[in-house]
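Coordinates from work00.txt are shown below (compact mmCIF, C-alpha atoms).
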# COMPACT_ATOMS: atom_id res chain seq x y z
CA MET A 23 16.37 -20.72 -34.09
CA ASP A 24 15.78 -23.64 -31.73
CA ILE A 25 16.28 -21.35 -28.72
CA TRP A 26 13.82 -18.77 -30.01
CA SER A 27 11.36 -21.50 -30.91
CA THR A 28 11.62 -22.96 -27.41
CA LEU A 29 11.13 -19.55 -25.81
CA SER A 30 8.14 -18.87 -28.03
CA ASP A 31 6.55 -22.21 -27.20
CA THR A 32 7.18 -21.71 -23.48
CA PHE A 33 6.10 -18.09 -23.02
CA LEU A 34 4.08 -17.12 -26.10
CA ASP A 35 1.48 -19.81 -26.43
CA TRP A 36 -1.43 -17.61 -27.45
CA GLU A 37 -3.98 -20.40 -27.11
CA SER A 38 -3.00 -20.95 -23.47
CA MET A 39 -3.29 -17.23 -22.83
CA LYS A 40 -6.63 -17.04 -24.58
CA ALA A 41 -7.98 -19.95 -22.55
CA VAL A 42 -7.10 -18.38 -19.17
CA LEU A 43 -7.88 -14.75 -20.07
CA PRO A 44 -11.60 -14.78 -19.05
CA GLU A 45 -10.79 -16.17 -15.60
CA MET A 46 -8.02 -13.65 -15.10
CA LEU A 47 -10.38 -10.81 -15.98
CA LYS A 48 -13.38 -11.99 -13.97
CA VAL A 49 -11.62 -13.51 -10.95
CA GLY A 50 -7.91 -12.76 -10.81
CA LEU A 51 -7.94 -9.05 -11.60
CA VAL A 52 -10.87 -8.38 -9.28
CA ASN A 53 -9.30 -10.25 -6.35
CA THR A 54 -5.90 -8.61 -6.88
CA LEU A 55 -7.45 -5.15 -6.81
CA ILE A 56 -9.57 -6.01 -3.76
CA LEU A 57 -6.54 -7.31 -1.86
CA ALA A 58 -4.44 -4.26 -2.74
CA ALA A 59 -7.17 -1.64 -2.21
CA ALA A 60 -8.42 -3.10 1.10
CA SER A 61 -4.86 -3.43 2.37
CA VAL A 62 -3.89 0.12 1.43
CA VAL A 63 -7.00 1.58 3.09
CA LEU A 64 -6.53 -0.35 6.33
CA GLY A 65 -2.76 0.09 6.15
CA THR A 66 -3.15 3.86 5.70
CA VAL A 67 -5.36 4.15 8.79
CA LEU A 68 -3.00 2.01 10.88
CA GLY A 69 0.02 3.79 9.38
CA MET A 70 -1.27 7.20 10.45
CA ILE A 71 -1.77 5.88 13.99
CA VAL A 72 1.77 4.46 13.99
CA ALA A 73 3.17 7.77 12.70
CA VAL A 74 1.39 9.82 15.38
CA LEU A 75 2.59 7.44 18.10
CA ALA A 76 6.15 7.51 16.72
CA LEU A 77 6.14 11.32 16.95
CA SER A 78 4.83 11.35 20.50
CA THR A 79 6.99 12.88 23.20
CA LYS A 80 5.95 10.06 25.55
CA PRO A 81 8.33 7.06 25.40
CA TRP A 82 5.60 4.54 26.29
CA LEU A 83 3.78 5.56 23.09
CA ARG A 84 6.82 6.16 20.88
CA TRP A 85 8.76 2.96 21.51
CA PRO A 86 5.95 0.45 20.72
CA ALA A 87 5.44 2.24 17.39
CA LYS A 88 9.15 2.00 16.59
CA ILE A 89 9.31 -1.66 17.57
CA TYR A 90 6.25 -2.41 15.41
CA THR A 91 7.83 -0.61 12.46
CA ASP A 92 11.16 -2.42 12.87
CA ILE A 93 9.51 -5.84 13.06
CA PHE A 94 7.13 -5.55 10.11
CA ARG A 95 9.66 -3.79 7.90
CA GLY A 96 12.37 -6.27 8.81
CA LEU A 97 10.49 -9.54 8.31
CA PRO A 98 10.09 -10.94 4.78
CA ALA A 99 6.56 -10.31 3.53
CA ILE A 100 5.91 -14.00 2.89
CA LEU A 101 6.87 -14.88 6.47
CA THR A 102 4.51 -12.26 7.87
CA ILE A 103 1.70 -13.53 5.66
CA LEU A 104 2.27 -17.11 6.79
CA LEU A 105 2.54 -16.15 10.47
CA ILE A 106 -0.68 -14.12 10.37
CA GLY A 107 -2.57 -16.41 8.00
CA GLN A 108 -1.75 -19.68 9.73
CA GLY A 109 -1.08 -18.45 13.25
CA LEU A 110 -4.39 -16.63 13.65
CA SER A 111 -6.45 -19.10 11.65
CA PRO A 112 -7.48 -21.22 14.69
CA ILE A 113 -8.65 -18.06 16.48
CA THR A 114 -10.60 -16.53 13.60
CA ARG A 115 -12.06 -19.76 12.23
CA HIS A 116 -15.28 -19.39 14.22
CA TRP A 117 -15.85 -15.96 12.64
CA TRP A 118 -15.43 -16.71 8.94
CA GLY A 119 -14.51 -20.40 8.82
CA PRO A 120 -11.32 -21.61 7.14
CA ASN A 121 -11.45 -18.72 4.67
CA PRO A 122 -7.89 -17.25 4.59
CA TYR A 123 -8.86 -14.18 2.54
CA PRO A 124 -9.45 -11.77 5.48
CA LEU A 125 -6.22 -12.85 7.15
CA GLY A 126 -4.36 -12.25 3.90
CA ILE A 127 -5.73 -8.71 3.85
CA LEU A 128 -4.80 -8.25 7.51
CA ALA A 129 -1.23 -9.43 6.91
CA LEU A 130 -0.77 -7.12 3.92
CA SER A 131 -2.27 -4.25 5.92
CA LEU A 132 0.11 -4.75 8.83
CA ILE A 133 3.07 -4.78 6.45
CA ALA A 134 1.80 -1.69 4.65
CA ALA A 135 1.15 0.14 7.93
CA ALA A 136 4.82 -0.15 8.91
CA TYR A 137 5.97 1.45 5.66
CA ILE A 138 3.13 3.98 5.44
CA GLY A 139 3.72 4.98 9.07
CA GLU A 140 7.31 5.86 8.23
CA ILE A 141 6.16 7.75 5.14
CA PHE A 142 3.68 9.79 7.17
CA ARG A 143 6.23 10.39 9.94
CA SER A 144 8.81 11.77 7.53
CA GLY A 145 6.17 13.90 5.80
CA ILE A 146 4.91 15.40 9.06
CA GLN A 147 8.45 16.08 10.26
CA SER A 148 9.24 17.84 6.99
CA VAL A 149 6.64 20.54 7.74
CA GLU A 150 8.30 23.65 9.13
CA LYS A 151 7.96 24.00 12.90
CA GLY A 152 6.80 27.55 12.32
CA GLN A 153 3.52 26.23 10.91
CA LEU A 154 2.54 24.71 14.26
CA GLU A 155 3.80 27.75 16.14
CA ALA A 156 1.72 30.02 13.88
CA ALA A 157 -1.32 27.84 14.45
CA ARG A 158 -0.83 28.03 18.22
CA ALA A 159 -0.47 31.81 17.97
CA LEU A 160 -3.81 31.94 16.17
CA GLY A 161 -5.52 30.14 19.04
CA PHE A 162 -5.31 26.48 18.00
CA SER A 163 -4.55 23.84 20.57
CA TYR A 164 -1.59 21.53 19.90
CA THR A 165 -3.93 18.73 18.80
CA SER A 166 -5.99 20.97 16.53
CA GLY A 167 -2.86 22.51 15.03
CA MET A 168 -1.44 19.11 14.21
CA ARG A 169 -4.75 17.76 12.87
CA LEU A 170 -5.77 20.77 10.78
CA VAL A 171 -2.44 22.30 9.74
CA VAL A 172 0.63 20.11 10.08
CA ILE A 173 -0.67 16.64 9.20
CA PRO A 174 -2.54 17.73 6.01
CA GLN A 175 0.61 19.46 4.74
CA GLY A 176 2.73 16.43 5.58
CA VAL A 177 0.36 14.04 3.82
CA ARG A 178 0.32 16.23 0.70
CA ARG A 179 4.10 16.07 0.51
CA VAL A 180 4.27 12.26 0.63
CA LEU A 181 1.53 11.44 -1.89
CA PRO A 182 4.06 10.03 -4.42
CA ALA A 183 5.48 7.71 -1.77
CA LEU A 184 1.97 6.55 -0.84
CA VAL A 185 1.19 5.69 -4.46
CA ASN A 186 4.48 3.78 -4.61
CA GLN A 187 3.35 1.79 -1.58
CA PHE A 188 0.09 0.93 -3.34
CA ILE A 189 2.12 -0.36 -6.29
CA ALA A 190 4.14 -2.53 -3.91
CA LEU A 191 0.93 -3.91 -2.39
CA VAL A 192 -0.42 -4.84 -5.82
CA LYS A 193 2.66 -7.00 -6.36
CA GLU A 194 2.79 -8.36 -2.80
CA SER A 195 -0.83 -9.50 -3.09
CA SER A 196 0.51 -12.37 -5.19
CA LEU A 197 2.03 -13.87 -2.01
CA VAL A 198 -1.38 -14.46 -0.41
CA TYR A 199 -1.76 -17.62 -2.51
CA PHE A 200 0.52 -19.38 0.01
CA LEU A 201 -2.46 -19.42 2.40
CA GLY A 202 -4.45 -21.67 0.08
CA LEU A 203 -7.19 -19.50 -1.39
CA LEU A 204 -10.50 -20.85 -2.63
CA ALA A 205 -10.98 -21.09 -6.39
CA SER A 206 -13.14 -17.96 -6.39
CA GLN A 207 -10.54 -16.05 -4.36
CA ARG A 208 -7.47 -16.64 -6.52
CA GLU A 209 -5.58 -13.56 -7.62
CA LEU A 210 -3.75 -13.06 -10.91
CA PHE A 211 -0.57 -14.90 -10.03
CA ARG A 212 -2.32 -17.97 -8.63
CA ILE A 213 -4.57 -18.30 -11.67
CA GLY A 214 -1.55 -18.00 -13.95
CA GLN A 215 0.37 -20.53 -11.87
CA ASP A 216 -2.48 -23.05 -11.88
CA ALA A 217 -2.94 -22.72 -15.63
CA ALA A 218 0.82 -23.05 -16.20
CA ALA A 219 0.93 -26.23 -14.11
CA THR A 220 -2.03 -27.68 -16.00
CA ASN A 221 -0.72 -26.85 -19.46
CA GLY A 222 2.96 -27.37 -18.77
CA ASN A 223 3.46 -23.92 -20.28
CA LEU A 224 4.49 -20.58 -18.73
CA SER A 225 2.45 -18.38 -21.04
CA PRO A 226 -0.38 -17.90 -18.47
CA LEU A 227 2.21 -16.57 -16.00
CA LEU A 228 3.44 -14.12 -18.62
CA LEU A 229 -0.17 -13.00 -19.11
CA ALA A 230 -0.47 -12.47 -15.35
CA GLY A 231 2.68 -10.36 -15.52
CA ILE A 232 1.14 -8.27 -18.29
CA PHE A 233 -1.88 -7.61 -16.06
CA TYR A 234 0.42 -6.46 -13.25
CA LEU A 235 2.09 -4.09 -15.70
CA ILE A 236 -1.29 -2.75 -16.81
CA ILE A 237 -2.04 -1.90 -13.15
CA THR A 238 1.34 -0.63 -12.02
CA VAL A 239 2.68 1.30 -15.04
CA PRO A 240 -0.12 3.94 -15.01
CA LEU A 241 0.33 4.26 -11.25
CA THR A 242 4.06 4.78 -11.78
CA HIS A 243 3.36 7.62 -14.20
CA LEU A 244 0.88 9.03 -11.68
CA VAL A 245 3.67 9.03 -9.09
CA ASN A 246 5.94 10.87 -11.52
CA HIS A 247 3.19 13.43 -12.16
CA PHE A 248 2.71 14.04 -8.42
CA ASP A 249 6.45 14.24 -7.89
CA LYS A 250 6.85 16.79 -10.68
CA ARG A 251 4.04 18.93 -9.32
CA LEU A 252 5.47 18.84 -5.81
CA ARG A 253 8.99 19.59 -7.04
CA GLU A 254 7.73 22.65 -8.86
CA GLY A 255 6.32 23.74 -5.53
CA ARG A 256 4.37 26.78 -4.58
CA PRO A 257 5.65 29.91 -2.85
CA THR A 258 5.41 30.05 0.90
CA GLY A 259 5.90 32.90 3.31
CA PRO A 260 3.85 35.74 4.74
CA SER A 261 1.48 35.62 1.77
CA GLY A 262 1.95 31.97 0.84
CA PRO A 263 -0.81 29.37 0.65
CA GLU A 264 -0.04 27.86 4.05
CA ASP A 265 -0.53 31.22 5.76
CA VAL A 266 -3.74 31.84 3.86
CA LYS A 267 -4.92 28.41 4.94
CA LEU A 268 -4.01 29.18 8.55
CA GLU A 269 -6.03 32.40 8.45
CA GLU A 270 -9.04 30.57 7.01
CA LEU A 271 -8.80 27.85 9.65
CA ALA A 272 -8.37 30.44 12.38
CA HIS A 273 -11.61 32.16 11.34
CA ALA A 274 -13.38 28.82 11.24
CA ASN A 275 -11.95 27.92 14.65
CA HIS A 276 -13.29 31.09 16.17

Transcribe the structure of this file into structure tokens.
Amino acid sequence: MDIWSTLSDTFLDWESMKAVLPEMLKVGLVNTLILAAASVVLGTVLGMIVAVLALSTKPWLRWPAKIYTDIFRGLPAILTILLIGQGLSPITRHWWGPNPYPLGILALSLIAAAYIGEIFRSGIQSVEKGQLEAARALGFSYTSGMRLVVIPQGVRRVLPALVNQFIALVKESSLVYFLGLLASQRELFRIGQDAAATNGNLSPLLLAGIFYLIITVPLTHLVNHFDKRLREGRPTGPSGPEDVKLEELAHANH
């Protein structure tokens, strides 16, 4: 009973949770979602660029993309955040002062771009080569065929993996607190940590964990839904949807 009582006092102090709940809702949740959403948008744009460069037939474009991917996938996320947040701070200080928030977003975006770039690359490569050949036969240039036919199909196939990356970014946003955020910029984990240090009780951290679950569990089920739909698939071939799409694009192109 003493063990259960100790665990209850340490993690299930409802008064401590109640006291920190408004700040987590008004400040922590908002900042966590901003960090994750901004990072996934910027990371997606950069990731697509990295994927296109990685698929290039020109070595001087392909190798920098591969080196970038290896570095940012290989380094621990916290190290990347510290290197970007503290290393670039003297350079960016005259733009937005000592505010580390933008650099935190930049660091998360660079990390996300390495993973998202690989996701896009694998998705684009999974599209049958015949799709591009058919597009070229219908009068598309190589660039137009990739942009209008191949890349959209590749992106559709990797939607579950992209949602998984967003889930990872939600959790990795908790590492930005190492840069020393302002009180109004604290995300869920930092607010929980500060409250736990003040109260000498870990219940606020458990509450922060519950908020992370509230964000990530629905996204996980969304991933499963996408995955199920994509696994069921749709018929392809002479009368399949891709060919119909090619014909429509061909008419629009002409």

- Task: Would you kindly return, as a ChimeraX atom specification, each protein, DNA or RNA residue with an atom no farther than 10 Å from any atom of Ala136 in chain A, considering only C-alpha atoms and excluding same-chain residues fewer than 3 positions away?
- Result: /A:65-66,68-70,72-73,87-96,131-133,139-141

- Item | Between CA of Ile127 in chain A and CA of Val198 in chain A, distance in Å (one decimal) | 8.4 Å

- Query: What does the distance between CA of Leu43 in chain A and CA of Leu229 in chain A come to in Å, to one decimal place?
  - Reply: 8.0 Å

- Shortest interatomic distance to Gln215 in chain A - which of A:Val42, A:Ile25, A:Ile237, A:Ala156, counting all atoms listed in the file: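 Checking each of A:Val42, A:Ile25, A:Ile237, A:Ala156 against Gln215 in chain A, counting all atoms listed in the file, the winner is A:Val42.
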
- Task: For the point (-6.6, -13.6, 5.5) in the file's frame, write as a ChimeraX atom specification all residues with an atom no more than 12 Å away, counting all atoms listed in the file.
- Result: /A:57,60-61,102-112,114-115,117-132,195,197-204,207
